[in-house]
$ cat upload_35.csv   # CSV, C-alpha atoms
chain,number,residue,atom,x,y,z
A,1,MET,CA,0.0,0.0,0.0
A,2,PHE,CA,1.3,3.4,-1.0
A,3,HIS,CA,1.5,6.0,1.8
A,4,ALA,CA,2.9,9.5,1.1
A,5,ILE,CA,3.7,12.2,3.6
A,6,VAL,CA,2.3,15.1,1.6
A,7,PRO,CA,-1.4,14.7,1.0
A,8,PRO,CA,-2.8,14.9,-2.6
A,9,TYR,CA,-5.0,17.9,-1.8
A,10,LEU,CA,-1.9,20.0,-0.8
A,11,LEU,CA,-0.1,19.1,-4.0
A,12,GLU,CA,-3.2,19.8,-6.1
A,13,GLN,CA,-3.5,23.2,-4.5
A,14,LEU,CA,0.2,24.0,-5.2
A,15,GLU,CA,-0.2,22.8,-8.8
A,16,ARG,CA,-3.0,25.4,-9.3
A,17,SER,CA,-1.4,28.3,-7.4
A,18,ALA,CA,2.3,28.2,-8.1
A,19,GLY,CA,3.4,31.2,-10.1
A,20,ASP,CA,6.5,29.6,-11.6
A,21,PRO,CA,5.6,27.3,-14.5
A,22,SER,CA,8.6,25.1,-13.8
A,23,VAL,CA,7.4,24.6,-10.2
A,24,ARG,CA,3.9,23.8,-11.4
A,25,ALA,CA,5.4,21.2,-13.8
A,26,ARG,CA,7.4,19.6,-11.0
A,27,ILE,CA,4.4,19.4,-8.7
A,28,ARG,CA,2.2,18.0,-11.5
A,29,GLN,CA,4.8,15.4,-12.2
A,30,SER,CA,4.9,14.5,-8.4
A,31,LEU,CA,1.1,14.1,-8.5
A,32,GLN,CA,1.2,11.9,-11.6
A,33,HIS,CA,3.8,9.6,-10.0
A,34,ASP,CA,1.8,9.4,-6.9
A,35,ALA,CA,-1.4,8.4,-8.9
A,36,VAL,CA,0.5,5.6,-10.6
A,37,LEU,CA,2.2,4.4,-7.4
A,38,ARG,CA,-1.2,4.1,-5.7
A,39,THR,CA,-2.3,1.5,-8.3
A,40,ARG,CA,0.6,-0.8,-8.4
A,41,PRO,CA,2.1,-3.4,-6.0
A,42,ALA,CA,5.1,-2.5,-3.8
A,43,ALA,CA,8.2,-2.4,-6.0
A,44,GLY,CA,10.3,-3.7,-3.2
A,45,ARG,CA,8.1,-6.5,-2.0
A,46,GLU,CA,10.6,-9.2,-3.2
A,47,ARG,CA,13.4,-7.6,-1.2
A,48,MET,CA,11.6,-7.8,2.1
A,49,ALA,CA,13.8,-9.9,4.3
A,50,ALA,CA,14.7,-10.2,7.9
A,51,ALA,CA,18.3,-9.5,9.0
A,52,GLU,CA,20.3,-12.6,10.0
A,53,GLY,CA,20.0,-12.9,13.8
A,54,GLY,CA,17.7,-9.9,14.0
A,55,GLY,CA,18.9,-6.5,15.1
A,56,ARG,CA,19.2,-3.2,13.2
A,57,GLN,CA,20.0,-3.5,9.5
A,58,ARG,CA,19.7,-0.6,7.1
A,59,LYS,CA,20.4,-0.3,3.3
A,60,VAL,CA,20.2,3.0,1.5
A,61,TYR,CA,20.1,3.1,-2.3
A,62,ASP,CA,20.4,6.0,-4.8
A,63,ALA,CA,17.8,6.2,-7.6
A,64,GLU,CA,20.0,8.8,-9.3
A,65,ASN,CA,17.0,10.9,-10.2
A,66,GLY,CA,15.3,7.9,-11.9
A,67,THR,CA,12.3,5.9,-10.8
A,68,ASP,CA,13.6,2.4,-10.8
A,69,LEU,CA,13.7,0.9,-7.3
A,70,PRO,CA,15.7,0.4,-5.3
A,71,GLY,CA,18.6,1.9,-7.3
A,72,THR,CA,22.3,1.6,-6.5
A,73,LEU,CA,23.3,0.6,-3.0
A,74,ILE,CA,25.3,3.4,-1.3
A,75,ARG,CA,25.4,2.7,2.4
A,76,SER,CA,24.7,-0.4,4.5
A,77,GLU,CA,24.6,-1.1,8.2
A,78,GLY,CA,27.8,-0.2,9.9
A,79,ASP,CA,29.3,1.7,6.9
A,80,VAL,CA,30.9,5.1,7.6
A,81,PRO,CA,29.0,8.2,6.4
A,82,VAL,CA,29.3,9.0,2.7
A,83,GLN,CA,29.5,12.4,1.0
A,84,ASP,CA,25.8,12.4,0.0
A,85,GLN,CA,23.8,14.1,2.8
A,86,ALA,CA,20.5,12.6,1.8
A,87,THR,CA,21.9,9.1,2.1
A,88,ASN,CA,23.3,9.8,5.6
A,89,GLN,CA,20.0,11.4,6.6
A,90,ALA,CA,18.0,8.4,5.4
A,91,TYR,CA,20.4,6.1,7.2
A,92,ASP,CA,20.1,8.1,10.5
A,93,GLY,CA,16.3,8.5,10.2
A,94,THR,CA,15.6,4.9,9.7
A,95,GLY,CA,18.0,4.0,12.5
A,96,ALA,CA,16.3,6.4,14.9
A,97,THR,CA,12.9,4.8,14.1
A,98,TRP,CA,14.2,1.3,14.6
A,99,THR,CA,15.8,2.4,17.9
A,100,LEU,CA,12.5,3.9,19.2
A,101,PHE,CA,10.5,0.8,18.5
A,102,LYS,CA,13.3,-1.5,19.9
A,103,GLU,CA,14.3,0.4,23.1
A,104,CYS,CA,10.9,1.7,24.0
A,105,PHE,CA,8.5,-1.1,22.9
A,106,GLY,CA,10.7,-4.1,22.4
A,107,ARG,CA,9.9,-4.4,18.7
A,108,ASP,CA,12.6,-5.7,16.4
A,109,SER,CA,12.1,-3.6,13.3
A,110,ILE,CA,8.9,-2.8,11.4
A,111,ASP,CA,7.6,-6.3,11.2
A,112,GLY,CA,8.8,-7.3,14.7
A,113,ALA,CA,11.1,-9.9,13.2
A,114,GLY,CA,14.2,-8.0,12.1
A,115,LEU,CA,13.0,-6.6,8.7
A,116,VAL,CA,15.9,-4.9,6.9
A,117,LEU,CA,15.1,-1.2,6.5
A,118,THR,CA,15.5,-0.3,2.9
A,119,SER,CA,15.5,3.3,1.6
A,120,THR,CA,15.9,5.0,-1.7
A,121,VAL,CA,17.0,8.6,-2.0
A,122,HIS,CA,17.1,11.0,-5.0
A,123,TYR,CA,13.9,9.5,-6.5
A,124,ASP,CA,13.0,11.2,-9.8
A,125,ARG,CA,13.7,14.9,-10.4
A,126,GLY,CA,12.0,17.5,-8.2
A,127,TYR,CA,9.8,14.9,-6.6
A,128,ALA,CA,8.0,16.6,-3.8
A,129,ASN,CA,7.1,13.7,-1.5
A,130,ALA,CA,8.3,10.7,0.5
A,131,PHE,CA,6.5,7.4,0.7
A,132,TRP,CA,6.3,3.9,2.1
A,133,ASP,CA,5.3,1.5,-0.7
A,134,GLY,CA,4.5,-1.5,1.4
A,135,ALA,CA,8.1,-2.7,1.4
A,136,GLN,CA,10.6,0.3,1.5
A,137,MET,CA,11.0,4.0,2.0
A,138,VAL,CA,11.4,6.4,-0.9
A,139,PHE,CA,12.5,10.0,-0.7
A,140,GLY,CA,12.3,12.9,-3.2
A,141,ASP,CA,14.6,15.9,-3.2
A,142,GLY,CA,11.7,18.4,-3.2
A,143,ASP,CA,10.6,20.8,-5.9
A,144,GLY,CA,13.2,23.5,-4.8
A,145,GLU,CA,10.6,26.2,-4.3
A,146,ILE,CA,8.2,24.9,-1.6
A,147,PHE,CA,9.7,21.7,-0.3
A,148,GLY,CA,13.3,20.8,0.4
A,149,ASN,CA,14.8,17.3,0.8
A,150,PHE,CA,12.4,14.9,2.4
A,151,THR,CA,15.2,13.0,4.2
A,152,SER,CA,15.8,16.1,6.5
A,153,ALA,CA,13.0,15.3,9.0
A,154,ILE,CA,13.3,12.3,11.3
A,155,ASP,CA,9.6,12.4,12.0
A,156,VAL,CA,8.8,12.1,8.3
A,157,THR,CA,10.9,8.9,8.1
A,158,GLY,CA,9.3,7.6,11.4
A,159,HIS,CA,5.8,8.4,10.1
A,160,GLU,CA,6.3,6.5,6.9
A,161,LEU,CA,8.0,3.5,8.5
A,162,THR,CA,5.1,3.3,11.1
A,163,HIS,CA,2.8,2.7,8.1
A,164,GLY,CA,4.7,-0.5,7.9
A,165,VAL,CA,4.2,-1.3,11.6
A,166,THR,CA,0.5,-0.7,11.1
A,167,GLN,CA,0.6,-2.9,8.0
A,168,PHE,CA,2.0,-5.8,10.1
A,169,THR,CA,-0.3,-5.2,13.1
A,170,ALA,CA,-3.7,-3.6,13.1
A,171,ASN,CA,-3.7,-3.1,9.3
A,172,LEU,CA,-6.1,-0.2,9.6
A,173,ALA,CA,-8.1,0.2,6.4
A,174,TYR,CA,-6.9,3.3,4.5
A,175,ASP,CA,-10.2,5.1,4.2
A,176,GLY,CA,-12.4,7.3,6.3
A,177,GLN,CA,-11.9,7.2,10.1
A,178,SER,CA,-9.8,4.0,10.1
A,179,GLY,CA,-7.6,5.6,7.5
A,180,ALA,CA,-7.3,8.8,9.6
A,181,LEU,CA,-6.3,6.6,12.5
A,182,ASN,CA,-3.7,4.9,10.3
A,183,GLU,CA,-2.3,8.4,9.5
A,184,SER,CA,-2.5,9.6,13.1
A,185,THR,CA,-0.7,6.5,14.4
A,186,SER,CA,2.1,7.3,11.9
A,187,ASP,CA,2.2,10.9,13.1
A,188,VAL,CA,2.3,9.7,16.8
A,189,PHE,CA,5.3,7.4,16.4
A,190,GLY,CA,7.0,9.6,13.9
A,191,SER,CA,7.0,12.4,16.5
A,192,LEU,CA,8.1,9.9,19.2
A,193,ALA,CA,11.0,8.8,17.0
A,194,LYS,CA,12.2,12.4,16.8
A,195,GLN,CA,11.6,13.1,20.5
A,196,TYR,CA,13.5,9.9,21.5
A,197,ALA,CA,16.4,10.7,19.2
A,198,LEU,CA,16.6,14.3,20.6
A,199,GLY,CA,16.0,13.4,24.2
A,200,GLN,CA,13.0,15.6,24.4
A,201,SER,CA,10.2,15.4,27.0
A,202,ALA,CA,6.6,15.9,26.1
A,203,ALA,CA,6.9,19.5,27.2
A,204,ASP,CA,10.0,20.1,25.2
A,205,ALA,CA,8.8,18.6,21.9
A,206,ASP,CA,7.5,20.8,19.1
A,207,TRP,CA,4.7,18.3,18.2
A,208,LEU,CA,5.1,19.2,14.5
A,209,ILE,CA,5.2,16.8,11.6
A,210,GLY,CA,7.6,17.8,8.9
A,211,ALA,CA,9.2,20.8,10.5
A,212,GLY,CA,12.0,22.0,8.2
A,213,LEU,CA,10.5,20.6,5.0
A,214,PHE,CA,9.3,24.1,3.9
A,215,LEU,CA,11.8,26.3,2.2
A,216,PRO,CA,12.3,29.9,3.2
A,217,GLY,CA,9.4,32.1,2.1
A,218,VAL,CA,6.7,29.6,2.9
A,219,GLN,CA,4.3,30.8,5.5
A,220,GLY,CA,4.2,27.7,7.7
A,221,VAL,CA,6.2,25.7,10.2
A,222,ALA,CA,5.3,22.1,9.2
A,223,LEU,CA,2.9,19.9,7.4
A,224,ARG,CA,0.8,19.3,10.5
A,225,SER,CA,0.7,20.3,14.2
A,226,MET,CA,-0.4,17.7,16.7
A,227,LYS,CA,-0.6,20.3,19.4
A,228,ALA,CA,-2.8,22.7,17.4
A,229,PRO,CA,-4.3,21.0,14.3
A,230,GLY,CA,-5.2,23.6,11.6
A,231,MET,CA,-2.4,26.0,12.6
A,232,ALA,CA,0.7,24.5,10.8
A,233,TYR,CA,0.6,26.7,7.7
A,234,ASP,CA,-1.3,29.5,6.1
A,235,ASP,CA,0.3,30.4,2.8
A,236,PRO,CA,-1.1,31.9,-0.5
A,237,ARG,CA,0.2,28.9,-2.4
A,238,LEU,CA,-0.5,26.2,0.1
A,239,GLY,CA,-3.8,27.5,1.4
A,240,LYS,CA,-4.7,27.1,5.1
A,241,ASP,CA,-4.0,24.0,7.1
A,242,PRO,CA,-7.4,22.2,7.0
A,243,GLN,CA,-7.0,19.9,10.0
A,244,PRO,CA,-9.7,20.0,12.6
A,245,ALA,CA,-8.8,20.0,16.3
A,246,ASP,CA,-12.0,18.3,17.4
A,247,MET,CA,-15.1,16.6,16.1
A,248,SER,CA,-16.9,19.9,15.5
A,249,GLY,CA,-14.6,20.4,12.5
A,250,TYR,CA,-14.7,16.8,11.2
A,251,VAL,CA,-14.6,16.9,7.4
A,252,ASP,CA,-16.9,14.5,5.6
A,253,THR,CA,-15.4,14.2,2.1
A,254,ALA,CA,-14.6,11.7,-0.6
A,255,ASP,CA,-11.3,13.4,-1.3
A,256,ASP,CA,-8.1,12.1,0.3
A,257,ASN,CA,-9.4,8.6,0.8
A,258,GLY,CA,-12.2,10.1,3.0
A,259,GLY,CA,-10.1,12.8,4.6
A,260,VAL,CA,-7.4,10.6,6.1
A,261,HIS,CA,-4.8,13.3,6.2
A,262,ILE,CA,-7.3,15.9,7.4
A,263,ASN,CA,-9.3,14.3,10.1
A,264,SER,CA,-6.2,12.7,11.6
A,265,GLY,CA,-5.8,16.0,13.4
A,266,ILE,CA,-8.4,14.9,15.9
A,267,PRO,CA,-6.7,11.7,17.2
A,268,ASN,CA,-3.4,13.5,16.9
A,269,ARG,CA,-4.5,16.1,19.4
A,270,ALA,CA,-5.9,13.4,21.7
A,271,PHE,CA,-2.5,11.8,21.9
A,272,TYR,CA,-0.8,15.2,22.5
A,273,LEU,CA,-3.3,15.9,25.3
A,274,VAL,CA,-2.6,12.5,27.0
A,275,ALA,CA,1.2,12.9,26.7
A,276,THR,CA,1.3,16.5,28.0
A,277,GLU,CA,-1.1,15.7,30.8
A,278,LEU,CA,1.0,12.8,32.0
A,279,GLY,CA,4.2,14.8,31.6
A,280,GLY,CA,7.7,13.3,31.4
A,281,ASN,CA,8.5,11.5,28.1
A,282,ALA,CA,5.7,10.9,25.6
A,283,TYR,CA,7.3,7.6,24.5
A,284,ASP,CA,6.8,6.2,28.0
A,285,ASP,CA,3.3,5.9,29.3
A,286,ALA,CA,1.4,7.5,26.5
A,287,GLY,CA,3.5,5.8,23.9
A,288,LYS,CA,3.0,2.4,25.5
A,289,ILE,CA,-0.8,2.8,25.6
A,290,TRP,CA,-0.9,3.7,21.8
A,291,TYR,CA,1.6,0.9,21.0
A,292,SER,CA,-0.4,-1.7,23.0
A,293,THR,CA,-3.6,-0.5,21.2
A,294,LEU,CA,-2.0,-0.9,17.8
A,295,THR,CA,-0.5,-4.3,18.4
A,296,SER,CA,-3.0,-6.0,20.7
A,297,GLY,CA,-4.8,-7.8,17.9
A,298,LYS,CA,-8.1,-6.6,19.3
A,299,LEU,CA,-8.5,-3.6,17.0
A,300,ALA,CA,-10.6,-4.2,13.9
A,301,ALA,CA,-9.2,-3.0,10.6
A,302,SER,CA,-12.3,-0.9,10.1
A,303,ALA,CA,-12.1,0.7,13.5
A,304,GLY,CA,-13.4,4.3,13.9
A,305,PHE,CA,-12.5,7.0,16.3
A,306,LYS,CA,-14.8,5.7,19.1
A,307,ASP,CA,-13.5,2.2,18.7
A,308,PHE,CA,-9.9,3.4,18.9
A,309,ALA,CA,-10.6,5.6,21.9
A,310,ALA,CA,-12.2,2.7,23.7
A,311,ALA,CA,-9.3,0.5,22.8
A,312,THR,CA,-6.8,3.1,24.2
A,313,GLU,CA,-8.9,3.2,27.4
A,314,ALA,CA,-8.7,-0.6,27.6
A,315,ALA,CA,-5.0,-0.6,27.1
A,316,ALA,CA,-4.5,2.1,29.7
A,317,ARG,CA,-6.6,0.1,32.2
A,318,ASP,CA,-4.6,-3.1,31.5
A,319,LEU,CA,-1.2,-1.4,31.8
A,320,PHE,CA,-1.9,0.9,34.7
A,321,GLY,CA,-5.1,0.1,36.4
A,322,ASP,CA,-8.7,1.3,36.8
A,323,GLU,CA,-7.9,4.2,39.0
A,324,SER,CA,-4.7,5.3,37.3
A,325,PRO,CA,-3.9,8.8,36.1
A,326,GLN,CA,-3.0,7.3,32.8
A,327,LEU,CA,-6.6,6.0,32.2
A,328,ALA,CA,-8.0,9.3,33.4
A,329,ALA,CA,-5.8,11.2,31.0
A,330,VAL,CA,-6.9,9.0,28.1
A,331,THR,CA,-10.6,9.4,28.8
A,332,THR,CA,-10.3,13.2,29.3
A,333,ALA,CA,-8.4,13.7,26.0
A,334,TRP,CA,-11.0,11.8,23.9
A,335,GLN,CA,-13.7,13.8,25.6
A,336,THR,CA,-11.9,17.0,24.9
A,337,VAL,CA,-11.8,16.3,21.2
A,338,GLY,CA,-15.4,15.2,21.1
A,339,VAL,CA,-15.0,11.5,20.4
A,340,LEU,CA,-16.1,10.2,23.9
A,341,GLY,CA,-18.4,11.6,26.5
A,342,ASP,CA,-21.4,13.8,26.4
A,343,GLN,CA,-20.1,16.2,23.6
A,344,THR,CA,-22.3,14.5,21.0
A,345,SER,CA,-23.1,17.8,19.4
A,346,LEU,CA,-19.4,17.9,18.2
A,347,MET,CA,-19.9,14.5,16.5
A,348,ASN,CA,-22.8,15.9,14.5
A,349,ALA,CA,-21.4,19.2,13.4
A,350,ALA,CA,-19.3,17.8,10.5
A,351,GLN,CA,-18.2,19.9,7.6
A,352,THR,CA,-18.8,18.5,4.1
A,353,ASN,CA,-17.5,18.7,0.6
A,354,LEU,CA,-13.9,19.7,1.1
A,355,GLU,CA,-12.7,22.2,-1.4
A,356,THR,CA,-9.0,21.6,-1.9
A,357,SER,CA,-8.4,25.1,-3.2
A,358,THR,CA,-10.0,26.7,-0.1
A,359,PRO,CA,-9.5,24.3,2.8
A,360,PRO,CA,-11.9,24.7,5.8
A,361,ALA,CA,-10.7,27.0,8.6
A,362,ALA,CA,-9.3,25.2,11.7
A,363,PRO,CA,-11.4,25.4,14.9
A,364,PRO,CA,-9.8,27.6,17.6
A,365,ASP,CA,-7.4,25.8,19.9
A,366,PRO,CA,-8.4,26.7,23.5
A,367,GLN,CA,-4.8,26.1,24.6
A,368,LEU,CA,-3.5,28.9,22.4
A,369,PRO,CA,-3.8,32.6,23.5
A,370,ASP,CA,-4.3,33.7,19.9
A,371,GLN,CA,-4.9,32.3,16.4
A,372,GLN,CA,-1.5,33.0,14.9
A,373,PRO,CA,0.4,30.1,13.2
A,374,VAL,CA,2.2,28.0,15.8
A,375,ASP,CA,5.8,28.9,16.3
A,376,GLU,CA,8.1,25.8,15.8
A,377,ARG,CA,9.3,26.1,19.4
A,378,ALA,CA,5.9,27.1,20.9
A,379,ARG,CA,5.2,25.4,24.3
A,380,VAL,CA,2.2,24.7,26.4
A,381,GLU,CA,2.8,25.4,30.0
$ encode --input "upload_35.csv" --output "structure tokens"
Amino acid sequence: MFHAIVPPYLLEQLERSAGDPSVRARIRQSLQHDAVLRTRPAAGRERMAAAEGGGRQRKVYDAENGTDLPGTLIRSEGDVPVQDQATNQAYDGTGATWTLFKECFGRDSIDGAGLVLTSTVHYDRGYANAFWDGAQMVFGDGDGEIFGNFTSAIDVTGHELTHGVTQFTANLAYDGQSGALNESTSDVFGSLAKQYALGQSAADADWLIGAGLFLPGVQGVALRSMKAPGMAYDDPRLGKDPQPADMSGYVDTADDNGGVHINSGIPNRAFYLVATELGGNAYDDAGKIWYSTLTSGKLAASAGFKDFAAATEAAARDLFGDESPQLAAVTTAWQTVGVLGDQTSLMNAAQTNLETSTPPAAPPDPQLPDQQPVDERARVE
């Protein structure tokens, strides 16, 4: 299954709004590649193999601006850094993700059985995306106007590799609410991979997905904000971040596989609220609850938000007890975003017919004193 970090509605908006014809052409080419990739099997499926004896094993290939995968092998596990920065960043990002899952959750690679982490860099020319194709990671160099190199953000690598974890565990269907949960789970563990690598607590983290991808001149800090969905960017070329922060802004649409990249803001914020309420490191108690939920085998592939919320409550109860602050934090977070509790009016106030050229405005975030775009280093006290 093809999963890309930049949603199609954002690239479609850019293709319409970019003033430079060469930029429009590069974005259009990225969209065309993505459309083809969504319809074909994983190119690297035959290369999926466990490392001998388990443990971390990485291989980074160079597509040399072509589209044949995997490309030429440039760096393998244990090799010294090479001159190509993208290769080294892909090597480090996949390593950071493996380390998070192994050291925090006891998982040996993406499949739990030592899968070799395969990456390809320099895919195509001006390709403005990164994706997991069901078997490996692929990174574009960016279009040079809006997006820089996609290997630069650890959380993007962690996000895409977590699609693989979900593929091997809950296998959440990539449509509607289950698809939004699939996306949200990737954002959660992508952010945790960055936090663990940087030694950040929940209070220290930026809670941004894709910080640093935008090039200078873009009015935005990242692709998404888990702390304040809807506030990551507001740019004439990109439009306004369409993610809702709670169920009152839920977008009922056929676009984007039923809004999987849009409505994921709701469970994203729920995790952020749990992690910051509990304090300390988000990859400890909060991360264990989400990981247990994903890997328990009790979550249906078609699970919706209420199903997932109930499953996180069950996981918190099993891990920490009926009277635990962890369970209380989970319940309160889902109530705050309108998925659980008596806020049923939020569940019924959905927006419809998403217009990709004019994304819906984000609901106000009550934790922010104003409605300016979130600074990359903004903190909630």
$ closest_residue --input "upload_35.csv" --among "A:Val80, A:Ala193, A:Ala301, A:Ala333" --to "Phe105 (chain A)" --atoms "only C-alpha atoms"
A:Ala193
$ residues_around --input "upload_35.csv" --residues "Glu145 (chain A)" --least-positions-apart "3" --cutoff "10 Å" --atoms "only C-alpha atoms" --output "number ranges by chain"
A: 18, 20, 22-23, 26, 126, 128, 142, 148, 214-218
$ closest_atom_pairs --input "upload_35.csv" --of "region 122-206 of chain A" --to "region 309-324 of chain A" --cutoff "12 Å" --atoms "only C-alpha atoms" --output "tab-separated table"
residue	atom	partner	partner_atom	distance
A:Ala170	CA	A:Ala311	CA	11.9
A:Gln177	CA	A:Ala309	CA	12.0
A:Ser178	CA	A:Ala309	CA	11.9
A:Leu181	CA	A:Ala309	CA	10.4
$ write_last_selection --input "upload_35.csv" --atoms "C-alpha atoms" --output "tab-separated table (two decimals), keeping the file's coordinate frame"
chain	number	residue	atom	x	y	z
A	170	ALA	CA	-3.70	-3.60	13.10
A	177	GLN	CA	-11.90	7.20	10.10
A	178	SER	CA	-9.80	4.00	10.10
A	181	LEU	CA	-6.30	6.60	12.50
$ atom_distance --input "upload_35.csv" --atom1 "CA of Ala222 (chain A)" --atom2 "CA of Gly210 (chain A)"
4.9 Å
$ atom_distance --input "upload_35.csv" --atom1 "CA of Gly220 (chain A)" --atom2 "CA of Asp235 (chain A)"
6.8 Å
$ residues_around --input "upload_35.csv" --residues "region 3-14 of chain A" --least-positions-apart "4" --cutoff "7 Å" --atoms "only C-alpha atoms" --output "list in words"
Ala18, Ile27, Leu31, Asn129, Ala130, Phe131, Trp132, Asp133, Val156, Arg237, Leu238, Asp256, His261, Thr356 and Ser357 of chain A
$ residues_around --input "upload_35.csv" --residues "Ala300 (chain A)" --least-positions-apart "2" --cutoff "9 Å" --atoms "all atoms listed in the file" --output "short mmCIF file (atom, residue, chain, number, x, y, z; two decimals) with C-alpha atoms, keeping the file's coordinate frame"
data_model
loop_
_atom_site.label_atom_id
_atom_site.label_comp_id
_atom_site.auth_asym_id
_atom_site.auth_seq_id
_atom_site.Cartn_x
_atom_site.Cartn_y
_atom_site.Cartn_z
CA ALA A 170 -3.70 -3.60 13.10
CA ASN A 171 -3.70 -3.10 9.30
CA LEU A 172 -6.10 -0.20 9.60
CA GLY A 297 -4.80 -7.80 17.90
CA LYS A 298 -8.10 -6.60 19.30
CA SER A 302 -12.30 -0.90 10.10
CA ALA A 303 -12.10 0.70 13.50
CA GLY A 304 -13.40 4.30 13.90
CA ASP A 307 -13.50 2.20 18.70
#
$ residues_around --input "upload_35.csv" --residues "Asn257 (chain A)" --least-positions-apart "5" --cutoff "7 Å" --atoms "only C-alpha atoms" --output "list in words"
Tyr174, Asp175 and Gly176 of chain A
$ atom_distance --input "upload_35.csv" --atom1 "CA of Ile154 (chain A)" --atom2 "CA of Gly190 (chain A)"
7.3 Å
$ residues_around --input "upload_35.csv" --residues "Ala205 (chain A)" --least-positions-apart "2" --cutoff "10 Å" --atoms "only C-alpha atoms" --output "tab-separated table (two decimals) with C-alpha atoms, in the coordinates of the input"
chain	number	residue	atom	x	y	z
A	191	SER	CA	7.00	12.40	16.50
A	192	LEU	CA	8.10	9.90	19.20
A	194	LYS	CA	12.20	12.40	16.80
A	195	GLN	CA	11.60	13.10	20.50
A	196	TYR	CA	13.50	9.90	21.50
A	198	LEU	CA	16.60	14.30	20.60
A	199	GLY	CA	16.00	13.40	24.20
A	200	GLN	CA	13.00	15.60	24.40
A	201	SER	CA	10.20	15.40	27.00
A	202	ALA	CA	6.60	15.90	26.10
A	203	ALA	CA	6.90	19.50	27.20
A	207	TRP	CA	4.70	18.30	18.20
A	208	LEU	CA	5.10	19.20	14.50
A	227	LYS	CA	-0.60	20.30	19.40
A	276	THR	CA	1.30	16.50	28.00
A	281	ASN	CA	8.50	11.50	28.10
A	282	ALA	CA	5.70	10.90	25.60
A	376	GLU	CA	8.10	25.80	15.80
A	377	ARG	CA	9.30	26.10	19.40
A	378	ALA	CA	5.90	27.10	20.90
A	379	ARG	CA	5.20	25.40	24.30
$ closest_residue --input "upload_35.csv" --among "A:Glu183, A:Glu103, A:Asp108, A:Asp62" --to "Glu160 (chain A)" --atoms "only C-alpha atoms"
A:Glu183
$ closest_residue --input "upload_35.csv" --among "A:Gly78, A:Gly140, A:Gly158, A:Pro244" --to "Gly338 (chain A)" --atoms "only C-alpha atoms"
A:Pro244
$ closest_residue --input "upload_35.csv" --among "A:Ser292, A:Ser264, A:Thr157, A:Asn88" --to "Ala245 (chain A)" --atoms "all atoms listed in the file"
A:Ser264
$ residues_near_point --input "upload_35.csv" --point "(21.2, -2.6, 3.6)" --cutoff "9 Å" --atoms "all atoms listed in the file" --output "list in words"
Gln57, Arg58, Lys59, Val60, Tyr61, Leu73, Ile74, Arg75, Ser76, Glu77, Val116, Leu117, Thr118 and Ser119 of chain A
$ closest_residue --input "upload_35.csv" --among "A:Val221, A:Cys104, A:Met231, A:Val337" --to "Asp285 (chain A)" --atoms "all atoms listed in the file"
A:Cys104
$ build_atoms --input "upload_35.csv" --residues "region 310-318 of chain A" --atoms "N, CA, C and O atoms" --output "mmCIF file, keeping the file's coordinate frame"
data_model
loop_
_atom_site.group_PDB
_atom_site.id
_atom_site.type_symbol
_atom_site.label_atom_id
_atom_site.label_comp_id
_atom_site.auth_asym_id
_atom_site.auth_seq_id
_atom_site.Cartn_x
_atom_site.Cartn_y
_atom_site.Cartn_z
ATOM 1 N N ALA A 310 -11.928 3.735 22.741
ATOM 2 C CA ALA A 310 -12.200 2.700 23.700
ATOM 3 C C ALA A 310 -11.078 1.716 23.873
ATOM 4 O O ALA A 310 -10.784 1.247 24.979
ATOM 5 N N ALA A 311 -10.400 1.428 22.760
ATOM 6 C CA ALA A 311 -9.300 0.500 22.800
ATOM 7 C C ALA A 311 -8.092 1.110 23.594
ATOM 8 O O ALA A 311 -7.382 0.398 24.315
ATOM 9 N N THR A 312 -7.877 2.428 23.465
ATOM 10 C CA THR A 312 -6.800 3.100 24.200
ATOM 11 C C THR A 312 -7.168 3.080 25.730
ATOM 12 O O THR A 312 -6.283 2.934 26.585
ATOM 13 N N GLU A 313 -8.442 3.253 26.037
ATOM 14 C CA GLU A 313 -8.900 3.200 27.400
ATOM 15 C C GLU A 313 -8.607 1.766 27.986
ATOM 16 O O GLU A 313 -8.115 1.613 29.119
ATOM 17 N N ALA A 314 -8.945 0.747 27.206
ATOM 18 C CA ALA A 314 -8.700 -0.600 27.600
ATOM 19 C C ALA A 314 -7.235 -0.898 27.847
ATOM 20 O O ALA A 314 -6.830 -1.556 28.821
ATOM 21 N N ALA A 315 -6.397 -0.376 26.933
ATOM 22 C CA ALA A 315 -5.000 -0.600 27.100
ATOM 23 C C ALA A 315 -4.417 0.131 28.304
ATOM 24 O O ALA A 315 -3.588 -0.425 29.044
ATOM 25 N N ALA A 316 -4.892 1.350 28.559
ATOM 26 C CA ALA A 316 -4.500 2.100 29.700
ATOM 27 C C ALA A 316 -4.878 1.354 31.022
ATOM 28 O O ALA A 316 -4.117 1.282 31.999
ATOM 29 N N ARG A 317 -6.064 0.803 30.995
ATOM 30 C CA ARG A 317 -6.600 0.100 32.200
ATOM 31 C C ARG A 317 -5.729 -1.192 32.399
ATOM 32 O O ARG A 317 -5.351 -1.497 33.539
ATOM 33 N N ASP A 318 -5.416 -1.920 31.330
ATOM 34 C CA ASP A 318 -4.600 -3.100 31.500
ATOM 35 C C ASP A 318 -3.201 -2.845 31.939
ATOM 36 O O ASP A 318 -2.635 -3.590 32.750
#
